[in-house]
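**Student:** This is the structure, below, for whatever I ask next.
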Amino acid sequence: MAGIPEFALRQIERWCARRVPEHLRDQLRVECRTRGRAVTIFELRAGSEQKIAQLRVDDFGIWSVFWADRNGRWLSHPDAPVASTPPPLLAEIERRCERD
């Protein structure tokens with residue numbers, strides 16, 4: 001498998017676009033960037049960028065989620081879910097963001 005499947009990337013991009021109400025989009029945006037087989041989701045606010053999470057897909061099409069530590073390193077947690085598509089992991093990111 002080379003890179004991120006196009007359909008999966010579109011799912012992630014749509015999720016990012018829905019994260020911020022339209023009336024706040026001039027102050028806050030949630031976007032994603034790809035690099036190889038990883039999609040990094042981040043928040044943009046007044047010139048600053050904050051990492052939210054990273055989704056990675058392996059050679060078998062299994063997705064996993066990683067979280068940035070305070071030093072910006074990506075860590076996987078033992079209880080982090082894996083899935084065959086991004087939506088279940090995006091739901092987990094959303095739950096975690098609502099808790100924090």
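Labels for the structure tokens follow display order: chains A, B, ..., residues from 1 in each chain, ligands from 1.
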Write out as a PyMOL selection string all residues of chain A that DSSP puts in strand (DSSP E or B) for this structure's backbone.

**Tutor:** chain A and resi 28-35+38-45+48-57+63-68+74-75+82-83

**Student:** Could you save those same residues with C-alpha atoms as an mmCIF file, in the first residue's frame?

**Tutor:**
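Done, and the output landed in again01.cif:
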data_model
loop_
_atom_site.group_PDB
_atom_site.id
_atom_site.type_symbol
_atom_site.label_atom_id
_atom_site.label_comp_id
_atom_site.auth_asym_id
_atom_site.auth_seq_id
_atom_site.Cartn_x
_atom_site.Cartn_y
_atom_site.Cartn_z
ATOM 1 C CA LEU A 28 -9.945 28.604 14.609
ATOM 2 C CA ARG A 29 -9.468 25.805 12.090
ATOM 3 C CA VAL A 30 -8.872 22.071 12.322
ATOM 4 C CA GLU A 31 -6.848 20.728 9.417
ATOM 5 C CA CYS A 32 -4.823 17.692 8.436
ATOM 6 C CA ARG A 33 -1.555 17.015 6.683
ATOM 7 C CA THR A 34 -0.295 13.779 5.193
ATOM 8 C CA ARG A 35 3.193 12.381 5.215
ATOM 9 C CA ALA A 38 0.318 9.150 8.412
ATOM 10 C CA VAL A 39 -2.278 11.904 8.663
ATOM 11 C CA THR A 40 -1.615 14.538 11.311
ATOM 12 C CA ILE A 41 -4.617 16.456 12.623
ATOM 13 C CA PHE A 42 -3.914 19.857 14.131
ATOM 14 C CA GLU A 43 -5.655 22.981 15.329
ATOM 15 C CA LEU A 44 -4.745 26.413 13.956
ATOM 16 C CA ARG A 45 -5.481 29.409 16.128
ATOM 17 C CA SER A 48 -0.201 28.944 16.469
ATOM 18 C CA GLU A 49 -0.498 25.287 15.638
ATOM 19 C CA GLN A 50 -1.399 22.556 18.141
ATOM 20 C CA LYS A 51 -1.160 18.872 17.283
ATOM 21 C CA ILE A 52 -4.342 16.952 18.094
ATOM 22 C CA ALA A 53 -3.655 13.412 16.918
ATOM 23 C CA GLN A 54 -2.104 11.339 14.197
ATOM 24 C CA LEU A 55 -3.726 8.491 12.274
ATOM 25 C CA ARG A 56 -1.495 5.867 10.654
ATOM 26 C CA VAL A 57 -2.346 3.067 8.278
ATOM 27 C CA TRP A 63 -5.527 2.273 11.102
ATOM 28 C CA SER A 64 -4.199 3.298 14.519
ATOM 29 C CA VAL A 65 -4.254 6.555 16.443
ATOM 30 C CA PHE A 66 -1.329 8.284 18.158
ATOM 31 C CA TRP A 67 -1.259 11.234 20.558
ATOM 32 C CA ALA A 68 1.427 13.897 20.866
ATOM 33 C CA TRP A 74 3.859 10.638 18.858
ATOM 34 C CA LEU A 75 2.849 7.958 21.347
ATOM 35 C CA VAL A 82 -7.409 0.204 15.828
ATOM 36 C CA ALA A 83 -9.830 0.032 12.893
#

**Student:** Which residue, A:Gln27, A:Pro87, A:Asp58, A:Cys97, has the smallest gap to Leu9 in chain A when you use only C-alpha atoms?

**Tutor:**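 Closest to Leu9 in chain A, using only C-alpha atoms: A:Pro87.
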
**Student:** Nearest to Pro81 in chain A among A:Ile62, A:Arg14, A:Asp69, A:Asp26, with distances taken over only C-alpha atoms: which residue is it?

**Tutor:**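 Of all the options, A:Ile62 lies closest to Pro81 in chain A.
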
**Student:** Between CA of Arg19 in chain A and CA of Asn71 in chain A, measure the distance and give it in Å to one decimal.

**Tutor:** 24.7 Å
